[in-house]
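A short worksheet on the structure shown next.
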Amino acid sequence: MKRVAILGANGQVGTEVSLRLHSVEGIEVVPIARNVSGSAFLRLNGMECRHGRISNPDESQDLIGDCDVVVNLALSNSGIPRADRQINRQIVRNVVTAAKPGAPIIFASTIIVYAPAMKFWFPDSYGLEKLIAERMFRRLCRGSQHPAFVFRLGHVMGELQNITRKICGEIRSGKVALPHEGSCASNTVFTSTIVEAIVQVALASPTPGTFDLITSPQWSWLDVYRYYADALAMQLQLAHPQNVRSSKPGSSNPAGVMRHFLGYLANHHAITERLTFLLAFLPRSLNERMYLRYLQTRARNEINVLRQSEKVDWCVEDWRELKVRSFGLMPEPITLMKRYPLPTSLEFAAGQESSSRELSSR
């Protein structure tokens, strides 16, 4: 029997992964949350949990010291970047130090390190922080003889994930607008695929390394929406491109070009996040002028939205397709979801929740 610790078990991904692992033969799941309120849902579903702060060196040994595999899904996200950086790096250090000698450790990273929203490699602060944490994790594991697995997760799909609830809500509303008619790669991964990878690490001893956990072969966004439409027993209705809201300000004069540029920034947060740091080095007067223009452009965009109130927004972002470094041969997600089911009471909770919201609003 292999004991597998799940750090961050009270998060969306950690919760669903813990529940799907619970019924796997040969594995004892140890969900770990900071406090009893965070583990309430898991305990309600019959799981025994441990409680404590893995960021505290005095508690980390008791939390994971007897586990055969450690899965680090923990993440500090308080909104204070400096504090989060220190806590997240402390978690990595404590996990490697407190883990049983020779125990494989899985670090959950993200495909954001590839900056998929950009046409070139220019990660945002979250992607850079994860990339730095990856390197720190691999270095510490080399020095302590722990097999190190880095799983770069795509958009995580599953019955308990917010993105799945969002997709089901859009299908029910009949307002689904997909870039390129849904043909672009979704860069998604299902929780059942994450569970399969953990099971392989625990029971099959694969070669350590850095892997992209993305459905392979890739599912397009149309594949994803069709899958959930079938699960809801509903017809998928795609919006015509002409019925999709546009927020492009148009003009060829200098003022129009500036409005177009600022409008682009207002609607592309990935670029805005990267430029904000640089703007602080410009003269104050130029900062104030650009900020005034930005406010004017945002107001025009909001007015434009009201004028197009009968139209819909794109449901997903138009990210580029990533070249996947897959974790060996993995069965398709539908097969894995049957292999690692949720408790019966939680199956397809996204559809059930959408129904309850509709009933309660009537």
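To be explicit about the labels: the chains of the structure tokens are called A, B, and onward in the order shown, and within each one the residues are counted from 1, while ligands get numbers from 1 in the order they are shown.
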* To do: Would you mind listing what lies within 9 Å of Gln237 (chain A) as a list in words, with only C-alpha atoms counted and same-chain residues fewer than 6 positions away left out?
  =>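 Within the cut-off, the hits are Ile171, Gly174, Lys175, Val176 and Ala177 of chain A.
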Could you write out the selected residues, including N, CA, C and O atoms, as a PDB file, in the first residue's frame?
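Dumped to again-v1.pdb:
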```
ATOM      1  N   ILE A 171     -23.216  26.550 -22.286  1.00  0.00           N
ATOM      2  CA  ILE A 171     -23.966  25.615 -23.140  1.00  0.00           C
ATOM      3  C   ILE A 171     -25.458  25.716 -22.841  1.00  0.00           C
ATOM      4  O   ILE A 171     -26.291  25.735 -23.758  1.00  0.00           O
ATOM      5  N   GLY A 174     -27.063  28.742 -24.351  1.00  0.00           N
ATOM      6  CA  GLY A 174     -27.113  28.785 -25.810  1.00  0.00           C
ATOM      7  C   GLY A 174     -26.252  29.881 -26.397  1.00  0.00           C
ATOM      8  O   GLY A 174     -26.408  30.248 -27.567  1.00  0.00           O
ATOM      9  N   LYS A 175     -25.317  30.419 -25.603  1.00  0.00           N
ATOM     10  CA  LYS A 175     -24.454  31.508 -26.064  1.00  0.00           C
ATOM     11  C   LYS A 175     -23.002  31.060 -25.986  1.00  0.00           C
ATOM     12  O   LYS A 175     -22.269  31.394 -25.062  1.00  0.00           O
ATOM     13  N   VAL A 176     -22.574  30.293 -26.995  1.00  0.00           N
ATOM     14  CA  VAL A 176     -21.216  29.780 -27.044  1.00  0.00           C
ATOM     15  C   VAL A 176     -20.506  30.381 -28.246  1.00  0.00           C
ATOM     16  O   VAL A 176     -20.878  30.127 -29.394  1.00  0.00           O
ATOM     17  N   ALA A 177     -19.502  31.203 -27.983  1.00  0.00           N
ATOM     18  CA  ALA A 177     -18.718  31.832 -29.043  1.00  0.00           C
ATOM     19  C   ALA A 177     -17.271  31.384 -28.904  1.00  0.00           C
ATOM     20  O   ALA A 177     -16.619  31.674 -27.906  1.00  0.00           O
TER      21      ALA A 177
END
```
* Determine which residues of region 74-219 of chain A DSSP labels as helix (DSSP H, G or I) from the backbone of this structure, then write them out as a PyMOL selection string. => chain A and resi 81-98+111-114+125-144+162-173+179-182+191-204
* To do: Please identify all polymer residues within 8 Å of region 130-146 of chain A, counting only C-alpha atoms, omitting same-chain residues fewer than 4 positions from it, and present them as a PyMOL selection string.
  => chain A and resi 88-89+92-93+96-97+101-105+107+109-110+113+126+150
Only N, CA, C and O atoms, please: the residues just picked out, written as an mmCIF file, in the first residue's frame.
```cif
data_model
loop_
_atom_site.group_PDB
_atom_site.id
_atom_site.type_symbol
_atom_site.label_atom_id
_atom_site.label_comp_id
_atom_site.auth_asym_id
_atom_site.auth_seq_id
_atom_site.Cartn_x
_atom_site.Cartn_y
_atom_site.Cartn_z
ATOM 1 N N ASN A 88 5.607 30.441 -0.947
ATOM 2 C CA ASN A 88 5.642 29.359 -1.924
ATOM 3 C C ASN A 88 7.031 28.724 -2.012
ATOM 4 O O ASN A 88 7.158 27.504 -2.171
ATOM 5 N N ARG A 89 8.059 29.528 -1.894
ATOM 6 C CA ARG A 89 9.412 28.965 -1.916
ATOM 7 C C ARG A 89 9.710 28.215 -0.630
ATOM 8 O O ARG A 89 10.412 27.200 -0.649
ATOM 9 N N VAL A 92 8.222 24.756 -0.950
ATOM 10 C CA VAL A 92 9.073 23.865 -1.744
ATOM 11 C C VAL A 92 10.224 23.334 -0.900
ATOM 12 O O VAL A 92 10.524 22.131 -0.906
ATOM 13 N N ARG A 93 10.882 24.229 -0.159
ATOM 14 C CA ARG A 93 12.003 23.800 0.684
ATOM 15 C C ARG A 93 11.549 22.801 1.748
ATOM 16 O O ARG A 93 12.203 21.765 1.969
ATOM 17 N N VAL A 96 10.708 19.195 0.345
ATOM 18 C CA VAL A 96 11.889 18.392 0.015
ATOM 19 C C VAL A 96 12.609 17.954 1.286
ATOM 20 O O VAL A 96 13.079 16.811 1.390
ATOM 21 N N THR A 97 12.666 18.827 2.276
ATOM 22 C CA THR A 97 13.365 18.505 3.517
ATOM 23 C C THR A 97 12.611 17.471 4.350
ATOM 24 O O THR A 97 13.220 16.557 4.934
ATOM 25 N N PRO A 101 13.006 9.866 2.981
ATOM 26 C CA PRO A 101 14.183 9.706 2.107
ATOM 27 C C PRO A 101 13.860 8.861 0.869
ATOM 28 O O PRO A 101 13.304 7.769 0.979
ATOM 29 N N GLY A 102 14.187 9.410 -0.289
ATOM 30 C CA GLY A 102 13.967 8.695 -1.542
ATOM 31 C C GLY A 102 12.560 8.744 -2.078
ATOM 32 O O GLY A 102 12.279 8.190 -3.158
ATOM 33 N N ALA A 103 11.635 9.407 -1.360
ATOM 34 C CA ALA A 103 10.243 9.461 -1.813
ATOM 35 C C ALA A 103 10.113 10.364 -3.042
ATOM 36 O O ALA A 103 10.652 11.480 -3.051
ATOM 37 N N PRO A 104 9.411 9.926 -4.090
ATOM 38 C CA PRO A 104 9.164 10.796 -5.241
ATOM 39 C C PRO A 104 8.309 11.998 -4.831
ATOM 40 O O PRO A 104 7.389 11.865 -4.019
ATOM 41 N N ILE A 105 8.626 13.153 -5.386
ATOM 42 C CA ILE A 105 7.877 14.372 -5.108
ATOM 43 C C ILE A 105 7.383 14.950 -6.432
ATOM 44 O O ILE A 105 8.157 15.062 -7.397
ATOM 45 N N PHE A 107 5.727 18.238 -8.209
ATOM 46 C CA PHE A 107 5.481 19.671 -8.080
ATOM 47 C C PHE A 107 4.540 20.095 -9.192
ATOM 48 O O PHE A 107 4.834 19.913 -10.376
ATOM 49 N N SER A 109 3.128 22.594 -11.558
ATOM 50 C CA SER A 109 3.420 23.879 -12.181
ATOM 51 C C SER A 109 2.307 24.196 -13.181
ATOM 52 O O SER A 109 1.181 23.693 -13.047
ATOM 53 N N THR A 110 2.597 24.986 -14.181
ATOM 54 C CA THR A 110 1.561 25.463 -15.096
ATOM 55 C C THR A 110 2.118 25.691 -16.495
ATOM 56 O O THR A 110 3.312 26.022 -16.659
ATOM 57 N N VAL A 113 4.045 29.015 -17.921
ATOM 58 C CA VAL A 113 5.487 29.263 -18.075
ATOM 59 C C VAL A 113 5.850 29.417 -19.550
ATOM 60 O O VAL A 113 6.890 30.013 -19.872
ATOM 61 N N TYR A 126 3.103 35.374 -12.787
ATOM 62 C CA TYR A 126 2.754 34.043 -12.278
ATOM 63 C C TYR A 126 3.598 32.974 -12.961
ATOM 64 O O TYR A 126 4.138 32.064 -12.300
ATOM 65 N N VAL A 150 7.979 17.335 -12.307
ATOM 66 C CA VAL A 150 7.298 18.620 -12.489
ATOM 67 C C VAL A 150 6.190 18.405 -13.504
ATOM 68 O O VAL A 150 6.448 18.010 -14.641
#
```
* To do: Find the residues near Pro341 (chain A): any atom within 12 Å, counting only C-alpha atoms, skip ones fewer than 6 places away on the same chain, and give them as a list of chain:residue names.
  =>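 The neighbour list is A:Glu16, A:Val17, A:Ser18, A:Leu19, A:Arg20, A:Leu21, A:His22, A:Ser23, A:Val24, A:Gly158, A:Glu159, A:Thr191, A:Ser192, A:Thr193, A:Val195, A:Glu196, A:Pro333, A:Ile334, A:Thr335, A:Glu347, A:Phe348.
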Shell of 9 Å around Asn35 (chain A), only C-alpha atoms, local chain residues under 5 positions omitted, as an mmCIF file with N, CA, C and O atoms, in the first residue's frame:
```cif
data_model
loop_
_atom_site.group_PDB
_atom_site.id
_atom_site.type_symbol
_atom_site.label_atom_id
_atom_site.label_comp_id
_atom_site.auth_asym_id
_atom_site.auth_seq_id
_atom_site.Cartn_x
_atom_site.Cartn_y
_atom_site.Cartn_z
ATOM 1 N N ARG A 50 -5.312 15.301 7.145
ATOM 2 C CA ARG A 50 -4.361 15.861 8.089
ATOM 3 C C ARG A 50 -4.411 17.385 7.984
ATOM 4 O O ARG A 50 -4.717 17.924 6.910
ATOM 5 N N HIS A 51 -4.079 18.038 9.082
ATOM 6 C CA HIS A 51 -4.206 19.494 9.124
ATOM 7 C C HIS A 51 -2.921 20.128 9.636
ATOM 8 O O HIS A 51 -2.326 19.649 10.609
ATOM 9 N N GLY A 52 -2.512 21.182 8.964
ATOM 10 C CA GLY A 52 -1.309 21.900 9.364
ATOM 11 C C GLY A 52 -0.781 22.732 8.225
ATOM 12 O O GLY A 52 -1.284 22.684 7.098
ATOM 13 N N ARG A 53 0.254 23.515 8.514
ATOM 14 C CA ARG A 53 0.842 24.406 7.518
ATOM 15 C C ARG A 53 2.166 23.819 7.040
ATOM 16 O O ARG A 53 3.134 23.772 7.793
#
```
* Asked: CA of Ser173 (chain A) and CA of Val244 (chain A), how far apart in Å?
  ->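 CA of Val244 (chain A) sits 14.9 Å away from CA of Ser173 (chain A).
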* Minimum-distance residue to Ser216 (chain A), chosen among A:Pro147, A:Pro283, A:Gly328, A:Pro179 (using only C-alpha atoms) -> A:Gly328
* **Expected answer as a PyMOL selection string: strand (DSSP E or B) residues in region 99-167 of chain A** => chain A and resi 105-110+148-153+155-157
* So how many Å separate CA of Leu75 (chain A) and CA of Gly11 (chain A), to one decimal? ->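 Spanning CA of Leu75 (chain A) to CA of Gly11 (chain A) is a straight-line distance of 9.0 Å.
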* Near region 180-186 of chain A, counting only C-alpha atoms, which residues have an atom at most 7 Å away, once you skip same-chain residues fewer than 5 positions from it, shown as number ranges by chain? -> A: 218-222, 321
Go ahead and save the residues from that selection, with N, CA and C atoms, as a short mmCIF file (atom, residue, chain, number, x, y, z; two decimals), in the first residue's frame.
```cif
data_model
loop_
_atom_site.label_atom_id
_atom_site.label_comp_id
_atom_site.auth_asym_id
_atom_site.auth_seq_id
_atom_site.Cartn_x
_atom_site.Cartn_y
_atom_site.Cartn_z
N GLN A 218 -4.23 16.49 -28.60
CA GLN A 218 -4.93 17.66 -28.11
C GLN A 218 -6.42 17.64 -28.44
N TRP A 219 -7.22 18.07 -27.48
CA TRP A 219 -8.62 18.36 -27.75
C TRP A 219 -8.74 19.82 -28.17
N SER A 220 -9.54 20.07 -29.19
CA SER A 220 -9.86 21.46 -29.54
C SER A 220 -10.92 21.96 -28.57
N TRP A 221 -11.15 23.29 -28.57
CA TRP A 221 -12.22 23.82 -27.73
C TRP A 221 -13.58 23.28 -28.17
N LEU A 222 -13.72 23.02 -29.46
CA LEU A 222 -14.99 22.44 -29.94
C LEU A 222 -15.18 21.04 -29.36
N GLU A 321 -1.28 26.72 -29.77
CA GLU A 321 -1.15 25.31 -29.41
C GLU A 321 0.27 25.04 -28.93
#
```
* For the atom pair CA of Leu44 (chain A) and CA of Pro57 (chain A), what is the interatomic distance in Å to one decimal place? -> 28.9 Å
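Ranking A:Met157, A:Leu73, A:Cys49, A:Ala299 by their shortest atom-to-atom distance to Val36 (chain A), with only C-alpha atoms included, puts A:Cys49 first.
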